[in-house]
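Shown below: data.tsv, with TSV, N, CA and C atoms.
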chain	number	residue	atom	x	y	z
A	858	MET	N	119.79	80.35	109.76
A	858	MET	CA	120.37	80.99	110.94
A	858	MET	C	121.34	82.08	110.50
A	859	CYS	N	121.45	83.07	111.31
A	859	CYS	CA	122.36	84.19	111.06
A	859	CYS	C	123.81	83.69	111.06
A	860	ASN	N	124.54	84.05	110.01
A	860	ASN	CA	125.92	83.58	109.88
A	860	ASN	C	126.90	84.29	110.80
A	861	ARG	N	126.54	85.48	111.26
A	861	ARG	CA	127.49	86.25	112.07
A	861	ARG	C	127.64	85.68	113.48
A	862	LEU	N	126.61	85.03	114.00
A	862	LEU	CA	126.66	84.51	115.37
A	862	LEU	C	126.37	83.02	115.40
A	863	LYS	N	127.08	82.25	114.60
A	863	LYS	CA	126.89	80.80	114.60
A	863	LYS	C	127.25	80.23	115.97
A	864	ASN	N	126.44	79.28	116.37
A	864	ASN	CA	126.66	78.53	117.60
A	864	ASN	C	126.60	79.40	118.87
A	865	TYR	N	125.84	80.48	118.82
A	865	TYR	CA	125.60	81.28	120.02
A	865	TYR	C	124.14	81.09	120.42
A	866	TYR	N	123.92	80.80	121.68
A	866	TYR	CA	122.58	80.52	122.15
A	866	TYR	C	122.34	81.23	123.47
A	867	ALA	N	121.10	81.58	123.71
A	867	ALA	CA	120.67	82.07	125.01
A	867	ALA	C	119.87	80.94	125.64
A	868	VAL	N	120.15	80.65	126.89
A	868	VAL	CA	119.49	79.54	127.56
A	868	VAL	C	118.55	80.10	128.63
A	869	ASN	N	117.28	79.67	128.56
A	869	ASN	CA	116.29	80.05	129.55
A	869	ASN	C	116.59	79.26	130.83
A	870	VAL	N	116.84	79.96	131.93
A	870	VAL	CA	117.24	79.28	133.16
A	870	VAL	C	116.09	78.48	133.78
A	871	ASP	N	114.86	78.86	133.49
A	871	ASP	CA	113.71	78.15	134.05
A	871	ASP	C	113.42	76.86	133.30
A	872	THR	N	113.45	76.93	131.95
A	872	THR	CA	113.07	75.77	131.14
A	872	THR	C	114.27	75.03	130.57
A	873	ALA	N	115.44	75.62	130.66
A	873	ALA	CA	116.68	75.05	130.10
A	873	ALA	C	116.63	74.91	128.58
A	874	GLN	N	115.74	75.67	127.93
A	874	GLN	CA	115.67	75.64	126.47
A	874	GLN	C	116.65	76.66	125.89
A	875	ALA	N	117.29	76.26	124.80
A	875	ALA	CA	118.26	77.13	124.13
A	875	ALA	C	117.59	77.82	122.95
A	876	GLN	N	117.89	79.09	122.78
A	876	GLN	CA	117.35	79.88	121.67
A	876	GLN	C	118.53	80.48	120.91
A	877	GLU	N	118.52	80.33	119.58
A	877	GLU	CA	119.59	80.91	118.76
A	877	GLU	C	119.60	82.42	118.90
A	878	ILE	N	120.78	83.00	118.90
A	878	ILE	CA	120.94	84.45	118.97
A	878	ILE	C	121.27	84.96	117.57
A	879	HIS	N	120.61	86.02	117.17
A	879	HIS	CA	120.87	86.65	115.88
A	879	HIS	C	121.57	87.99	116.11
A	880	CYS	N	122.32	88.44	115.12
A	880	CYS	CA	123.09	89.68	115.27
A	880	CYS	C	122.20	90.92	115.15
A	881	LYS	N	121.10	90.83	114.39
A	881	LYS	CA	120.16	91.93	114.19
A	881	LYS	C	120.81	93.15	113.54
A	882	ALA	N	121.79	92.94	112.68
A	882	ALA	CA	122.46	94.03	111.98
A	882	ALA	C	121.79	94.24	110.62
A	883	TYR	N	121.71	95.49	110.17
A	883	TYR	CA	121.10	95.79	108.88
A	883	TYR	C	121.86	95.15	107.72
A	884	HIS	N	123.18	95.03	107.84
A	884	HIS	CA	123.97	94.50	106.72
A	884	HIS	C	124.04	92.98	106.71
A	885	CYS	N	123.43	92.32	107.67
A	885	CYS	CA	123.38	90.86	107.70
A	885	CYS	C	122.32	90.39	106.69
A	886	GLN	N	122.64	89.38	105.91
A	886	GLN	CA	121.71	88.90	104.88
A	886	GLN	C	120.43	88.34	105.47
A	887	GLU	N	120.49	87.75	106.64
A	887	GLU	CA	119.28	87.19	107.25
A	887	GLU	C	118.57	88.20	108.13
A	888	CYS	N	119.32	88.88	108.99
A	888	CYS	CA	118.73	89.80	109.96
A	888	CYS	C	118.30	91.13	109.35
A	889	GLY	N	119.06	91.60	108.36
A	889	GLY	CA	118.81	92.92	107.76
A	889	GLY	C	117.41	93.10	107.23
A	890	PRO	N	116.91	92.21	106.34
A	890	PRO	CA	115.55	92.38	105.82
A	890	PRO	C	114.47	92.35	106.91
A	891	LYS	N	114.65	91.51	107.92
A	891	LYS	CA	113.69	91.45	109.02
A	891	LYS	C	113.67	92.76	109.79
A	892	LYS	N	114.86	93.27	110.07
A	892	LYS	CA	114.97	94.51	110.82
A	892	LYS	C	114.40	95.70	110.02
A	893	ALA	N	114.71	95.73	108.73
A	893	ALA	CA	114.19	96.81	107.87
A	893	ALA	C	112.67	96.74	107.80
A	894	TYR	N	112.11	95.55	107.72
A	894	TYR	CA	110.66	95.39	107.66
A	894	TYR	C	110.02	95.90	108.95
A	895	LYS	N	110.60	95.57	110.10
A	895	LYS	CA	110.06	96.04	111.38
A	895	LYS	C	110.11	97.56	111.46
A	896	LEU	N	111.21	98.14	110.98
A	896	LEU	CA	111.33	99.59	110.98
A	896	LEU	C	110.29	100.22	110.06
A	897	GLN	N	110.10	99.65	108.88
A	897	GLN	CA	109.10	100.15	107.95
A	897	GLN	C	107.70	100.12	108.56
A	898	GLN	N	107.37	99.04	109.23
A	898	GLN	CA	106.06	98.92	109.87
A	898	GLN	C	105.88	99.95	110.99
A	899	ALA	N	106.92	100.16	111.79
A	899	ALA	CA	106.85	101.14	112.87
A	899	ALA	C	106.69	102.56	112.32
A	900	LEU	N	107.44	102.87	111.25
A	900	LEU	CA	107.31	104.20	110.63
A	900	LEU	C	105.92	104.40	110.03
A	901	GLN	N	105.41	103.38	109.38
A	901	GLN	CA	104.08	103.48	108.78
A	901	GLN	C	103.03	103.72	109.86
A	902	LYS	N	103.12	103.01	110.96
A	902	LYS	CA	102.17	103.19	112.06
A	902	LYS	C	102.28	104.61	112.63
A	903	TYR	N	103.51	105.09	112.79
A	903	TYR	CA	103.73	106.44	113.32
A	903	TYR	C	103.17	107.49	112.36
A	904	LEU	N	103.44	107.34	111.05
A	904	LEU	CA	102.93	108.31	110.08
A	904	LEU	C	101.41	108.28	109.99
A	905	GLU	N	100.79	107.13	110.19
A	905	GLU	CA	99.33	107.04	110.16
A	905	GLU	C	98.69	107.82	111.29
A	906	SER	N	99.43	108.09	112.36
A	906	SER	CA	98.89	108.87	113.48
A	906	SER	C	98.87	110.37	113.17
A	907	TRP	N	99.57	110.80	112.13
A	907	TRP	CA	99.58	112.21	111.75
A	907	TRP	C	98.32	112.53	110.95
A	908	SER	N	97.74	113.71	111.18
A	908	SER	CA	96.55	114.10	110.43
A	908	SER	C	96.91	114.52	109.00
A	909	GLN	N	98.09	115.08	108.82
A	909	GLN	CA	98.58	115.47	107.50
A	909	GLN	C	100.04	115.07	107.38
A	910	ILE	N	100.43	114.74	106.15
A	910	ILE	CA	101.84	114.43	105.91
A	910	ILE	C	102.31	115.30	104.75
A	911	ARG	N	103.33	116.07	104.99
A	911	ARG	CA	103.96	116.90	103.95
A	911	ARG	C	105.33	116.31	103.67
A	912	PHE	N	105.80	116.49	102.44
A	912	PHE	CA	107.07	115.90	102.04
A	912	PHE	C	107.96	116.97	101.42
A	913	TRP	N	109.20	117.04	101.89
A	913	TRP	CA	110.18	117.97	101.36
A	913	TRP	C	111.45	117.22	101.02
A	914	THR	N	112.20	117.71	100.05
A	914	THR	CA	113.53	117.20	99.75
A	914	THR	C	114.49	118.38	99.85
A	915	PHE	N	115.56	118.21	100.62
A	915	PHE	CA	116.58	119.24	100.80
A	915	PHE	C	117.89	118.71	100.26
A	916	THR	N	118.54	119.51	99.42
A	916	THR	CA	119.79	119.09	98.79
A	916	THR	C	120.85	120.17	98.97
A	917	LEU	N	122.08	119.75	99.22
A	917	LEU	CA	123.23	120.65	99.27
A	917	LEU	C	124.17	120.29	98.13
A	918	ALA	N	124.79	121.28	97.56
A	918	ALA	CA	125.82	121.00	96.55
A	918	ALA	C	127.04	120.41	97.25
A	919	LYS	N	127.69	119.47	96.60
A	919	LYS	CA	128.87	118.81	97.15
A	919	LYS	C	130.06	119.13	96.28
A	920	SER	N	131.16	119.55	96.92
A	920	SER	CA	132.37	119.80	96.14
A	920	SER	C	133.09	118.48	95.88
A	921	ASP	N	133.89	118.43	94.84
A	921	ASP	CA	134.59	117.21	94.46
A	921	ASP	C	135.61	116.77	95.52
A	922	GLN	N	136.16	117.70	96.26
A	922	GLN	CA	137.18	117.38	97.25
A	922	GLN	C	136.57	116.91	98.58
A	923	GLU	N	135.28	116.98	98.71
A	923	GLU	CA	134.61	116.72	99.98
A	923	GLU	C	134.22	115.23	100.10
A	924	ASP	N	134.56	114.61	101.21
A	924	ASP	CA	134.15	113.22	101.42
A	924	ASP	C	132.71	113.17	101.94
A	925	VAL	N	132.13	111.99	101.96
A	925	VAL	CA	130.72	111.82	102.33
A	925	VAL	C	130.47	112.23	103.78
A	926	LEU	N	131.39	111.89	104.67
A	926	LEU	CA	131.19	112.23	106.08
A	926	LEU	C	131.16	113.74	106.28
A	927	THR	N	132.06	114.46	105.65
A	927	THR	CA	132.07	115.93	105.74
A	927	THR	C	130.79	116.51	105.16
A	928	HIS	N	130.37	115.98	104.03
A	928	HIS	CA	129.13	116.44	103.39
A	928	HIS	C	127.93	116.17	104.31
A	929	TYR	N	127.91	115.00	104.95
A	929	TYR	CA	126.82	114.66	105.87
A	929	TYR	C	126.79	115.62	107.05
A	930	LYS	N	127.96	115.96	107.59
A	930	LYS	CA	128.02	116.89	108.72
A	930	LYS	C	127.48	118.26	108.33
A	931	LYS	N	127.84	118.72	107.12
A	931	LYS	CA	127.32	120.01	106.64
A	931	LYS	C	125.81	119.97	106.46
A	932	LEU	N	125.32	118.88	105.88
A	932	LEU	CA	123.88	118.73	105.67
A	932	LEU	C	123.15	118.69	107.00
A	933	SER	N	123.69	117.98	107.98
A	933	SER	CA	123.09	117.91	109.31
A	933	SER	C	123.06	119.26	109.99
A	934	GLU	N	124.15	120.01	109.84
A	934	GLU	CA	124.21	121.35	110.42
A	934	GLU	C	123.19	122.28	109.76
A	935	CYS	N	123.04	122.19	108.45
A	935	CYS	CA	122.03	123.00	107.75
A	935	CYS	C	120.63	122.64	108.21
A	936	TRP	N	120.37	121.36	108.40
A	936	TRP	CA	119.04	120.93	108.87
A	936	TRP	C	118.79	121.46	110.29
A	937	ARG	N	119.81	121.40	111.15
A	937	ARG	CA	119.67	121.92	112.51
A	937	ARG	C	119.36	123.41	112.50
A	938	ARG	N	120.06	124.15	111.67
A	938	ARG	CA	119.82	125.60	111.56
A	938	ARG	C	118.44	125.89	111.00
A	939	PHE	N	118.02	125.08	110.01
A	939	PHE	CA	116.69	125.25	109.43
A	939	PHE	C	115.62	125.05	110.50
A	940	CYS	N	115.74	123.99	111.29
A	940	CYS	CA	114.76	123.72	112.35
A	940	CYS	C	114.73	124.85	113.38
A	941	THR	N	115.91	125.36	113.74
A	941	THR	CA	115.98	126.48	114.68
A	941	THR	C	115.29	127.70	114.10
A	942	TYR	N	115.53	127.99	112.82
A	942	TYR	CA	114.90	129.13	112.15
A	942	TYR	C	113.38	128.99	112.17
A	943	ILE	N	112.88	127.81	111.84
A	943	ILE	CA	111.43	127.58	111.82
A	943	ILE	C	110.85	127.74	113.22
A	944	ARG	N	111.50	127.16	114.21
A	944	ARG	CA	110.97	127.19	115.57
A	944	ARG	C	110.99	128.62	116.17
A	945	ARG	N	111.86	129.47	115.66
A	945	ARG	CA	111.93	130.85	116.16
A	945	ARG	C	111.12	131.83	115.31
A	946	ASN	N	110.58	131.39	114.20
A	946	ASN	CA	109.87	132.27	113.27
A	946	ASN	C	108.49	132.63	113.85
A	947	LYS	N	108.34	133.86	114.30
A	947	LYS	CA	107.09	134.31	114.92
A	947	LYS	C	105.98	134.52	113.90
A	948	GLY	N	106.30	134.52	112.62
A	948	GLY	CA	105.30	134.67	111.58
A	948	GLY	C	104.51	133.39	111.32
A	949	LEU	N	104.97	132.29	111.89
A	949	LEU	CA	104.28	131.01	111.73
A	949	LEU	C	103.40	130.73	112.95
A	950	LYS	N	102.39	129.90	112.75
A	950	LYS	CA	101.56	129.47	113.87
A	950	LYS	C	102.40	128.59	114.78
A	951	GLU	N	101.99	128.51	116.04
A	951	GLU	CA	102.75	127.72	117.01
A	951	GLU	C	102.83	126.26	116.57
A	952	ARG	N	101.75	125.74	116.02
A	952	ARG	CA	101.74	124.35	115.57
A	952	ARG	C	102.76	124.13	114.46
A	953	GLN	N	102.90	125.11	113.57
A	953	GLN	CA	103.89	125.01	112.50
A	953	GLN	C	105.31	125.08	113.05
A	954	ARG	N	105.53	125.94	114.03
A	954	ARG	CA	106.87	126.06	114.61
A	954	ARG	C	107.28	124.80	115.37
A	955	ASN	N	106.33	124.06	115.87
A	955	ASN	CA	106.61	122.84	116.65
A	955	ASN	C	106.32	121.58	115.83
A	956	PHE	N	106.61	121.64	114.56
A	956	PHE	CA	106.32	120.49	113.69
A	956	PHE	C	107.15	119.28	114.06
A	957	LYS	N	106.59	118.11	113.80
A	957	LYS	CA	107.32	116.86	113.96
A	957	LYS	C	107.82	116.45	112.59
A	958	TYR	N	108.87	115.67	112.57
A	958	TYR	CA	109.41	115.25	111.27
A	958	TYR	C	110.09	113.90	111.36
A	959	ILE	N	110.22	113.29	110.21
A	959	ILE	CA	111.06	112.10	110.03
A	959	ILE	C	111.93	112.42	108.83
A	960	LYS	N	113.25	112.27	108.99
A	960	LYS	CA	114.14	112.57	107.88
A	960	LYS	C	114.96	111.34	107.52
A	961	VAL	N	115.21	111.21	106.23
A	961	VAL	CA	115.99	110.10	105.71
A	961	VAL	C	117.06	110.69	104.81
A	962	VAL	N	118.31	110.28	105.01
A	962	VAL	CA	119.42	110.74	104.18
A	962	VAL	C	119.60	109.75	103.03
A	963	GLU	N	119.73	110.29	101.83
A	963	GLU	CA	119.96	109.45	100.66
A	963	GLU	C	121.15	109.99	99.88
A	964	GLN	N	121.92	109.10	99.30
A	964	GLN	CA	123.09	109.50	98.53
A	964	GLN	C	122.82	109.28	97.04
A	965	HIS	N	123.10	110.32	96.24
A	965	HIS	CA	123.01	110.20	94.79
A	965	HIS	C	124.19	109.40	94.27
A	966	LYS	N	124.09	108.96	93.02
A	966	LYS	CA	125.22	108.29	92.38
A	966	LYS	C	126.44	109.21	92.31
A	967	SER	N	126.18	110.51	92.24
A	967	SER	CA	127.27	111.49	92.19
A	967	SER	C	128.01	111.62	93.52
A	968	GLY	N	127.43	111.08	94.59
A	968	GLY	CA	128.03	111.19	95.90
A	968	GLY	C	127.41	112.26	96.77
A	969	ALA	N	126.61	113.14	96.17
A	969	ALA	CA	125.95	114.20	96.92
A	969	ALA	C	124.83	113.60	97.77
A	970	LEU	N	124.65	114.15	98.95
A	970	LEU	CA	123.60	113.69	99.85
A	970	LEU	C	122.41	114.63	99.79
A	971	HIS	N	121.24	114.12	100.09
A	971	HIS	CA	120.07	114.97	100.27
A	971	HIS	C	119.16	114.34	101.30
A	972	LEU	N	118.26	115.16	101.84
A	972	LEU	CA	117.32	114.71	102.86
A	972	LEU	C	115.93	114.58	102.25
A	973	HIS	N	115.26	113.49	102.58
A	973	HIS	CA	113.82	113.36	102.35
A	973	HIS	C	113.20	113.55	103.72
A	974	VAL	N	112.28	114.49	103.83
A	974	VAL	CA	111.71	114.82	105.14
A	974	VAL	C	110.20	114.79	105.07
A	975	PHE	N	109.59	114.04	105.99
A	975	PHE	CA	108.14	114.05	106.18
A	975	PHE	C	107.88	114.97	107.36
A	976	VAL	N	106.97	115.93	107.20
A	976	VAL	CA	106.64	116.85	108.29
A	976	VAL	C	105.15	116.80	108.56
A	977	THR	N	104.77	117.15	109.79
A	977	THR	CA	103.37	117.07	110.20
A	977	THR	C	102.54	118.24	109.71
A	978	ASP	N	103.13	119.39	109.56
A	978	ASP	CA	102.35	120.58	109.24
A	978	ASP	C	102.87	121.30	108.01
A	979	TYR	N	101.99	122.08	107.43
A	979	TYR	CA	102.31	122.87	106.26
A	979	TYR	C	103.32	123.95	106.64
A	980	LEU	N	104.39	124.03	105.89
A	980	LEU	CA	105.36	125.12	106.04
A	980	LEU	C	105.35	125.90	104.73
A	981	PRO	N	105.05	127.19	104.79
A	981	PRO	CA	104.97	127.98	103.56
A	981	PRO	C	106.28	127.93	102.76
A	982	TYR	N	106.15	127.76	101.46
A	982	TYR	CA	107.31	127.66	100.58
A	982	TYR	C	108.20	128.88	100.71
A	983	GLU	N	107.59	130.05	100.85
A	983	GLU	CA	108.36	131.29	100.95
A	983	GLU	C	109.27	131.29	102.18
A	984	VAL	N	108.78	130.74	103.27
A	984	VAL	CA	109.57	130.66	104.51
A	984	VAL	C	110.73	129.69	104.31
A	985	VAL	N	110.45	128.54	103.74
A	985	VAL	CA	111.48	127.54	103.51
A	985	VAL	C	112.52	128.06	102.51
A	986	GLN	N	112.07	128.66	101.43
A	986	GLN	CA	112.96	129.17	100.39
A	986	GLN	C	113.85	130.29	100.90
A	987	ASN	N	113.28	131.20	101.71
A	987	ASN	CA	114.07	132.31	102.24
A	987	ASN	C	115.18	131.82	103.16
A	988	ARG	N	114.95	130.76	103.90
A	988	ARG	CA	115.95	130.26	104.83
A	988	ARG	C	117.07	129.53	104.10
A	989	SER	N	116.72	128.88	102.99
A	989	SER	CA	117.71	128.06	102.30
A	989	SER	C	118.68	128.90	101.48
A	990	GLU	N	118.42	130.16	101.30
A	990	GLU	CA	119.31	131.00	100.46
A	990	GLU	C	120.47	131.52	101.25

As structure tokens, please, write out the structure in this file.
Amino acid sequence: MCNRLKNYYAVNVDTAQAQEIHCKAYHCQECGPKKAYKLQQALQKYLESWSQIRFWTFTLAKSDQEDVLTHYKKLSECWRRFCTYIRRNKGLKERQRNFKYIKVVEQHKSGALHLHVFVTDYLPYEVVQNRSE
């Protein structure tokens, strides 16, 4: 049983049966692995619906004085601007401009963050490189 919600139960009013309540938090030793597995399965099913899967990694340099939250905000802002740039780029096909994506933030041992991004459509390297400069 989940340690965070010991002795908490939901009672079915029709049958009067009690069911243990779990916290369903990622950091819970019991609930976390179950929740992560369900998320992994949902993502896999979603990605299988895509005809193509492209993978990109985006990294920003992190200054020593910068905390993780500030770095995350900068990275998020850069990703937002990148998406806006792609969606407004008339040199790309409409399907490319309206790409779907799944992004995951990962932290290096150095503390710097980067994005792993799965996208539905091919984005030319030259377009991506020009925007990141």

Show which residues sit within 9 Å of Tyr942 (chain A), as a list in words. Count only C-alpha atoms, and ignore same-chain residues fewer than 4 positions away.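 My list of contacting residues is Arg937, Arg938, Asn946, Arg954 and Arg988 of chain A.
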
Give the strand (DSSP E) residues of chain A, as DSSP finds them on the backbone, and put them as a VMD selection string. chain A and resid 866 to 868 875 to 877 911 to 916 958 to 964 970 to 976

DSSP-assigned helix (DSSP H, G or I) members of chain A, reported as a VMD selection string: chain A and resid 888 to 905 925 to 945 951 to 954 982 to 989

Rounded to one decimal place, report the CA of Tyr903 (chain A)-CA of Ile959 (chain A) distance in Å. 9.8 Å

What are the closest atom pairs, with distances in Å to one decimal, for all residues of region 858-939 of chain A lying within 7 Å of region 966-982 of chain A? Consider only N, CA and C atoms, order rows by chain and residue number, and present the result as JSON lines.
{"residue": "A:Trp907", "atom": "CA", "partner": "A:Thr977", "partner_atom": "CA", "distance": 6.4}
{"residue": "A:Ser908", "atom": "N", "partner": "A:Thr977", "partner_atom": "CA", "distance": 6.6}
{"residue": "A:Gln909", "atom": "C", "partner": "A:Thr977", "partner_atom": "C", "distance": 4.7}
{"residue": "A:Ile910", "atom": "CA", "partner": "A:Val976", "partner_atom": "C", "distance": 4.9}
{"residue": "A:Arg911", "atom": "C", "partner": "A:Val976", "partner_atom": "N", "distance": 3.9}
{"residue": "A:Phe912", "atom": "CA", "partner": "A:Val974", "partner_atom": "C", "distance": 4.5}
{"residue": "A:Trp913", "atom": "C", "partner": "A:Val974", "partner_atom": "N", "distance": 4.0}
{"residue": "A:Thr914", "atom": "CA", "partner": "A:Leu972", "partner_atom": "C", "distance": 4.3}
{"residue": "A:Phe915", "atom": "C", "partner": "A:Leu972", "partner_atom": "N", "distance": 3.9}
{"residue": "A:Thr916", "atom": "CA", "partner": "A:His971", "partner_atom": "CA", "distance": 4.4}
{"residue": "A:Leu917", "atom": "N", "partner": "A:Leu970", "partner_atom": "C", "distance": 5.2}
{"residue": "A:Ala918", "atom": "C", "partner": "A:Ala969", "partner_atom": "CA", "distance": 6.3}
{"residue": "A:Lys919", "atom": "CA", "partner": "A:Ala969", "partner_atom": "CA", "distance": 5.5}
{"residue": "A:Val925", "atom": "CA", "partner": "A:Gly968", "partner_atom": "C", "distance": 6.5}
{"residue": "A:His928", "atom": "C", "partner": "A:Leu970", "partner_atom": "N", "distance": 6.6}
{"residue": "A:Tyr929", "atom": "N", "partner": "A:Leu970", "partner_atom": "CA", "distance": 6.8}

By how many Å are atom C of Gly948 (chain A) and CA of Gln986 (chain A) apart?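 The value is 14.4 Å.
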
Could you put an axis-aligned box around every listed atom of region 960-970 of chain A, padded by 4 Å on each side, and send me its centre and edge lengths in Å to one decimal, as lines of an AutoDock Vina configuration file?
center_x = 120.6
center_y = 111.5
center_z = 100.6
size_x = 22.8
size_y = 14.3
size_z = 24.8

One number please: atom N of Lys950 (chain A) to atom C of Leu900 (chain A), in Å, one decimal.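 Spanning atom N of Lys950 (chain A) to atom C of Leu900 (chain A) is a straight-line distance of 25.9 Å.
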
Write out, as JSON lines, each residue of region 890-944 of chain A that has an atom at most 9 Å from region 859-883 of chain A, together with the closest pair of atoms and their distance in Å to one decimal, counting only C-alpha atoms, rows going by chain and rising number.
{"residue": "A:Pro890", "atom": "CA", "partner": "A:Tyr883", "partner_atom": "CA", "distance": 7.2}
{"residue": "A:Lys891", "atom": "CA", "partner": "A:Lys881", "partner_atom": "CA", "distance": 8.3}
{"residue": "A:Lys892", "atom": "CA", "partner": "A:Tyr883", "partner_atom": "CA", "distance": 6.6}
{"residue": "A:Ala893", "atom": "CA", "partner": "A:Tyr883", "partner_atom": "CA", "distance": 7.1}

Residue rebuild result region 896-908 of chain A, N, CA, C and O atoms as a PDB file, in the coordinates of the input:
ATOM      1  N   LEU A 896     111.210  98.140 110.980  1.00  0.00           N
ATOM      2  CA  LEU A 896     111.330  99.590 110.980  1.00  0.00           C
ATOM      3  C   LEU A 896     110.290 100.220 110.060  1.00  0.00           C
ATOM      4  O   LEU A 896     109.642 101.205 110.423  1.00  0.00           O
ATOM      5  N   GLN A 897     110.100  99.650 108.880  1.00  0.00           N
ATOM      6  CA  GLN A 897     109.100 100.150 107.950  1.00  0.00           C
ATOM      7  C   GLN A 897     107.700 100.120 108.560  1.00  0.00           C
ATOM      8  O   GLN A 897     106.941 101.078 108.443  1.00  0.00           O
ATOM      9  N   GLN A 898     107.370  99.040 109.230  1.00  0.00           N
ATOM     10  CA  GLN A 898     106.060  98.920 109.870  1.00  0.00           C
ATOM     11  C   GLN A 898     105.880  99.950 110.990  1.00  0.00           C
ATOM     12  O   GLN A 898     104.818 100.560 111.117  1.00  0.00           O
ATOM     13  N   ALA A 899     106.920 100.160 111.790  1.00  0.00           N
ATOM     14  CA  ALA A 899     106.850 101.140 112.870  1.00  0.00           C
ATOM     15  C   ALA A 899     106.690 102.560 112.320  1.00  0.00           C
ATOM     16  O   ALA A 899     105.893 103.346 112.832  1.00  0.00           O
ATOM     17  N   LEU A 900     107.440 102.870 111.250  1.00  0.00           N
ATOM     18  CA  LEU A 900     107.310 104.200 110.630  1.00  0.00           C
ATOM     19  C   LEU A 900     105.920 104.400 110.030  1.00  0.00           C
ATOM     20  O   LEU A 900     105.324 105.468 110.165  1.00  0.00           O
ATOM     21  N   GLN A 901     105.410 103.380 109.380  1.00  0.00           N
ATOM     22  CA  GLN A 901     104.080 103.480 108.780  1.00  0.00           C
ATOM     23  C   GLN A 901     103.030 103.720 109.860  1.00  0.00           C
ATOM     24  O   GLN A 901     102.159 104.580 109.703  1.00  0.00           O
ATOM     25  N   LYS A 902     103.120 103.010 110.960  1.00  0.00           N
ATOM     26  CA  LYS A 902     102.170 103.190 112.060  1.00  0.00           C
ATOM     27  C   LYS A 902     102.280 104.610 112.630  1.00  0.00           C
ATOM     28  O   LYS A 902     101.278 105.261 112.914  1.00  0.00           O
ATOM     29  N   TYR A 903     103.510 105.090 112.790  1.00  0.00           N
ATOM     30  CA  TYR A 903     103.730 106.440 113.320  1.00  0.00           C
ATOM     31  C   TYR A 903     103.170 107.490 112.360  1.00  0.00           C
ATOM     32  O   TYR A 903     102.474 108.414 112.778  1.00  0.00           O
ATOM     33  N   LEU A 904     103.440 107.340 111.050  1.00  0.00           N
ATOM     34  CA  LEU A 904     102.930 108.310 110.080  1.00  0.00           C
ATOM     35  C   LEU A 904     101.410 108.280 109.990  1.00  0.00           C
ATOM     36  O   LEU A 904     100.783 109.311 109.748  1.00  0.00           O
ATOM     37  N   GLU A 905     100.790 107.130 110.190  1.00  0.00           N
ATOM     38  CA  GLU A 905      99.330 107.040 110.160  1.00  0.00           C
ATOM     39  C   GLU A 905      98.690 107.820 111.290  1.00  0.00           C
ATOM     40  O   GLU A 905      97.528 108.222 111.196  1.00  0.00           O
ATOM     41  N   SER A 906      99.430 108.090 112.360  1.00  0.00           N
ATOM     42  CA  SER A 906      98.890 108.870 113.480  1.00  0.00           C
ATOM     43  C   SER A 906      98.870 110.370 113.170  1.00  0.00           C
ATOM     44  O   SER A 906      98.220 111.123 113.892  1.00  0.00           O
ATOM     45  N   TRP A 907      99.570 110.800 112.130  1.00  0.00           N
ATOM     46  CA  TRP A 907      99.580 112.210 111.750  1.00  0.00           C
ATOM     47  C   TRP A 907      98.320 112.530 110.950  1.00  0.00           C
ATOM     48  O   TRP A 907      97.884 111.746 110.113  1.00  0.00           O
ATOM     49  N   SER A 908      97.740 113.710 111.180  1.00  0.00           N
ATOM     50  CA  SER A 908      96.550 114.100 110.430  1.00  0.00           C
ATOM     51  C   SER A 908      96.910 114.520 109.000  1.00  0.00           C
ATOM     52  O   SER A 908      96.109 114.354 108.086  1.00  0.00           O
TER      53      SER A 908
END
